[in-house]
Amino acid sequence: MLPTYDLDTDSLYIDIGQYLSDKGIREKFDTLDQKVQLEFIKRICDTLNGYVNLQSLEQTQRKHYNSNVEDFRIIFEPEKIALTGLFTSKKRYATWTLLDDGKWKNAMSITGLEVIRSDSPECVKPMIIQILEMILKKHPDDEIRDTIHTFKEELHSASPEMIAENKGINQIDKYLLPNYEWRSKTPHQLKGVANFRFFLNKFGLEDRYDSPMEGMKAKIVYLKPNRFNKTSLSFYKWPKEFDKLGIEVDYEKMIFKNFTKKISGLLVAINKLGLLEKQTLLDMLF
């Protein structure tokens, strides 16, 4: 029986833009038509690819491992050509990809970044996508800054359903106790279920609103300080009666956790965290 082998793949990104700058031809390159730029980059890739593959065979396989086997040699092949890239950590990045496996794409590609998760608030997802796209397409800093602050203002006026996180409700019987209490290490969203049930009972709303059930997804929000000392709620539909009872969503906390914190991770990667700050009059004058 022949041995079996696992095919392992990985990727390396090379900053050709820096190479062009080092050679003093970046400005001329930037004036070329994009198709001409791509052909030029592909020729550079082919040259690099040939050199690296030869060295991996001669220096790594033959010299260091004393092997002449051709079937399992390390092969590097072109995968993507991207206009720009944003790398936050290993295997966590986004690129504005022009070519992918030889096919024209001209769209954003995201690998491993957790800025957009399935549990993110509905209204936040498109905002983060737009900011990331603006960064990758090199929009002016002022435009990115203004967009961030416009989005923050919009989030303050979002409904509780739209600003809420979305999480699954599981193991209610394991964690929740009678009298709307819970066990140690109870997940955040289950505490919210107990709190919601408490409020429905307290204000006689049990016949008007459904409480989150086992195996279903619910909406979760943090609450502003209140006389009941409840810090979170899990619900399907926000009871309008809560607005008159002093039960309010903590919009600042929700926006910081789900928008500002994630945007800051992107801005740190490009050394532009200052774009989170509002532009001052002094900045505008100079």
# chains A, B, ... in the order shown; residues from 1 in each chain; ligands from 1

call {"tool": "residues_around", "arguments": {"residues": "Asp101 of chain A", "least_positions_apart": "2", "cutoff": "12 Å", "atoms": "only C-alpha atoms", "output": "list in words"}}
result
Lys42, Glu77, Pro78, Glu79, Lys80, Ile81, Ala82, Thr97, Leu98, Leu99, Lys103, Trp104 and Lys105 of chain A

call {"tool": "closest_atom_pairs", "arguments": {"of": "segment 102-215 of chain A", "to": "segment 258-262 of chain A", "cutoff": "8 Å", "atoms": "only C-alpha atoms", "output": "tab-separated table"}}
result
residue	atom	partner	partner_atom	distance
A:Val115	CA	A:Lys262	CA	5.4
A:Ser120	CA	A:Asn258	CA	6.7
A:Pro121	CA	A:Asn258	CA	7.3
A:Val124	CA	A:Phe259	CA	6.6
A:Ile128	CA	A:Phe259	CA	7.3

call {"tool": "write_last_selection", "arguments": {"atoms": "N, CA and C atoms", "output": "compact mmCIF listing (two decimals), in the first residue's frame"}}
result
# COMPACT_ATOMS: atom_id res chain seq x y z
N VAL A 115 -14.41 41.20 12.96
CA VAL A 115 -15.11 42.48 13.10
C VAL A 115 -16.59 42.32 12.79
N SER A 120 -23.41 39.91 15.74
CA SER A 120 -23.33 41.37 15.72
C SER A 120 -24.71 41.99 15.48
N PRO A 121 -24.95 43.18 16.05
CA PRO A 121 -26.22 43.86 15.80
C PRO A 121 -26.48 44.07 14.32
N VAL A 124 -25.18 47.27 12.71
CA VAL A 124 -23.74 47.51 12.78
C VAL A 124 -23.00 46.85 11.62
N ILE A 128 -19.66 48.50 9.52
CA ILE A 128 -18.28 48.04 9.62
C ILE A 128 -17.75 47.65 8.25

call {"tool": "residues_around", "arguments": {"residues": "Glu248 of chain A", "least_positions_apart": "3", "cutoff": "10 Å", "atoms": "only C-alpha atoms", "output": "short mmCIF file (atom, residue, chain, number, x, y, z; two decimals) with C-alpha atoms, in the first residue's frame"}}
result
data_model
loop_
_atom_site.label_atom_id
_atom_site.label_comp_id
_atom_site.auth_asym_id
_atom_site.auth_seq_id
_atom_site.Cartn_x
_atom_site.Cartn_y
_atom_site.Cartn_z
CA PRO A 160 -33.43 48.22 20.70
CA VAL A 221 -28.78 44.44 25.20
CA TYR A 222 -27.03 46.03 28.15
CA LEU A 223 -29.19 48.28 30.34
CA LYS A 224 -28.54 51.65 31.87
CA PRO A 225 -28.44 51.69 35.71
CA ASN A 226 -31.97 51.21 37.01
CA SER A 232 -28.99 43.10 30.65
CA PHE A 242 -40.34 49.61 29.33
CA ASP A 243 -39.70 53.11 27.99
CA LYS A 244 -42.03 54.57 30.64
CA LEU A 245 -40.68 52.40 33.46
CA TYR A 251 -26.50 52.70 23.94
#

call {"tool": "select_by_dssp", "arguments": {"residues": "segment 30-220 of chain A", "states": "strand (DSSP E)", "output": "number ranges by chain"}}
result
A: 80-89, 92-100, 103-111, 165-168, 176-177, 181-182, 217-220

call {"tool": "write_last_selection", "arguments": {"atoms": "N, CA and C atoms", "output": "short mmCIF file (atom, residue, chain, number, x, y, z; two decimals), in the first residue's frame"}}
result
data_model
loop_
_atom_site.label_atom_id
_atom_site.label_comp_id
_atom_site.auth_asym_id
_atom_site.auth_seq_id
_atom_site.Cartn_x
_atom_site.Cartn_y
_atom_site.Cartn_z
N LYS A 80 -3.31 35.52 -5.42
CA LYS A 80 -4.08 36.76 -5.48
C LYS A 80 -3.19 37.94 -5.84
N ILE A 81 -3.81 38.91 -6.47
CA ILE A 81 -3.21 40.23 -6.59
C ILE A 81 -4.21 41.20 -5.99
N ALA A 82 -3.77 41.93 -4.98
CA ALA A 82 -4.67 42.83 -4.26
C ALA A 82 -4.19 44.26 -4.37
N LEU A 83 -5.13 45.16 -4.46
CA LEU A 83 -4.81 46.59 -4.51
C LEU A 83 -4.25 47.05 -3.17
N THR A 84 -4.90 46.62 -2.09
CA THR A 84 -4.48 47.00 -0.74
C THR A 84 -4.76 45.84 0.21
N GLY A 85 -4.19 45.92 1.40
CA GLY A 85 -4.45 44.91 2.42
C GLY A 85 -4.39 45.52 3.80
N LEU A 86 -5.16 44.94 4.70
CA LEU A 86 -5.15 45.35 6.11
C LEU A 86 -4.96 44.08 6.93
N PHE A 87 -3.85 44.02 7.68
CA PHE A 87 -3.50 42.83 8.44
C PHE A 87 -3.48 43.17 9.93
N THR A 88 -4.37 42.53 10.70
CA THR A 88 -4.41 42.82 12.14
C THR A 88 -3.55 41.85 12.94
N SER A 89 -3.45 40.59 12.50
CA SER A 89 -2.61 39.59 13.15
C SER A 89 -2.51 38.39 12.21
N ARG A 92 -5.47 36.89 10.03
CA ARG A 92 -6.61 37.78 10.21
C ARG A 92 -6.37 39.05 9.38
N TYR A 93 -7.02 39.11 8.24
CA TYR A 93 -6.75 40.23 7.34
C TYR A 93 -7.88 40.41 6.34
N ALA A 94 -7.82 41.55 5.66
CA ALA A 94 -8.76 41.84 4.57
C ALA A 94 -7.97 42.46 3.43
N THR A 95 -8.36 42.15 2.21
CA THR A 95 -7.70 42.73 1.03
C THR A 95 -8.76 43.21 0.05
N TRP A 96 -8.38 44.21 -0.76
CA TRP A 96 -9.20 44.56 -1.90
C TRP A 96 -8.59 43.82 -3.07
N THR A 97 -9.21 42.70 -3.42
CA THR A 97 -8.64 41.75 -4.36
C THR A 97 -9.04 42.07 -5.79
N LEU A 98 -8.02 42.16 -6.66
CA LEU A 98 -8.28 42.39 -8.08
C LEU A 98 -8.33 41.08 -8.86
N LEU A 99 -7.36 40.19 -8.60
CA LEU A 99 -7.34 38.88 -9.24
C LEU A 99 -7.29 37.79 -8.18
N ASP A 100 -8.09 36.75 -8.36
CA ASP A 100 -8.11 35.62 -7.43
C ASP A 100 -8.08 34.34 -8.26
N LYS A 103 -8.75 34.90 -11.86
CA LYS A 103 -10.04 35.44 -12.25
C LYS A 103 -10.22 36.86 -11.70
N TRP A 104 -10.77 37.73 -12.53
CA TRP A 104 -11.02 39.11 -12.14
C TRP A 104 -12.06 39.15 -11.04
N LYS A 105 -11.76 39.88 -9.95
CA LYS A 105 -12.69 39.95 -8.82
C LYS A 105 -13.06 41.38 -8.48
N ASN A 106 -12.07 42.20 -8.21
CA ASN A 106 -12.29 43.61 -7.86
C ASN A 106 -13.31 43.76 -6.74
N ALA A 107 -13.05 43.08 -5.62
CA ALA A 107 -13.97 43.11 -4.48
C ALA A 107 -13.18 42.83 -3.20
N MET A 108 -13.82 43.06 -2.08
CA MET A 108 -13.17 42.84 -0.80
C MET A 108 -13.16 41.36 -0.44
N SER A 109 -12.04 40.91 0.11
CA SER A 109 -11.91 39.55 0.63
C SER A 109 -11.54 39.64 2.10
N ILE A 110 -12.21 38.85 2.94
CA ILE A 110 -11.95 38.87 4.38
C ILE A 110 -11.56 37.47 4.84
N THR A 111 -10.46 37.39 5.56
CA THR A 111 -9.99 36.10 6.09
C THR A 111 -9.76 36.23 7.60
N GLU A 165 -27.42 42.57 20.25
CA GLU A 165 -26.66 41.42 19.78
C GLU A 165 -27.64 40.25 19.57
N ASN A 166 -27.22 39.28 18.78
CA ASN A 166 -28.07 38.13 18.49
C ASN A 166 -27.35 36.85 18.91
N LYS A 167 -27.89 36.17 19.92
CA LYS A 167 -27.24 34.96 20.44
C LYS A 167 -28.24 33.86 20.70
N GLY A 168 -27.74 32.64 20.63
CA GLY A 168 -28.59 31.48 20.89
C GLY A 168 -28.85 31.29 22.37
N LEU A 176 -30.64 28.57 34.96
CA LEU A 176 -31.60 29.47 35.60
C LEU A 176 -32.31 28.78 36.77
N LEU A 177 -32.51 29.57 37.84
CA LEU A 177 -33.12 29.08 39.07
C LEU A 177 -34.49 29.75 39.25
N GLU A 181 -33.44 33.97 39.42
CA GLU A 181 -32.03 33.94 39.78
C GLU A 181 -31.30 32.98 38.83
N TRP A 182 -29.95 32.93 38.97
CA TRP A 182 -29.17 32.03 38.12
C TRP A 182 -27.95 31.51 38.87
N LYS A 217 -32.85 31.87 18.99
CA LYS A 217 -31.97 33.04 19.08
C LYS A 217 -32.75 34.20 19.65
N ALA A 218 -32.07 34.99 20.49
CA ALA A 218 -32.71 36.16 21.09
C ALA A 218 -31.85 37.39 20.89
N LYS A 219 -32.43 38.53 21.14
CA LYS A 219 -31.71 39.79 21.07
C LYS A 219 -31.28 40.18 22.48
N ILE A 220 -30.02 40.62 22.62
CA ILE A 220 -29.47 40.91 23.94
C ILE A 220 -28.93 42.33 23.97
#

call {"tool": "closest_residue", "arguments": {"among": "A:Asp173, A:Asn68, A:Asp33, A:Asp250", "to": "Ser159 of chain A", "atoms": "only C-alpha atoms"}}
result
A:Asp250

call {"tool": "closest_residue", "arguments": {"among": "A:Lys174, A:Arg73, A:Lys237, A:Arg145", "to": "Leu275 of chain A", "atoms": "only C-alpha atoms"}}
result
A:Arg145
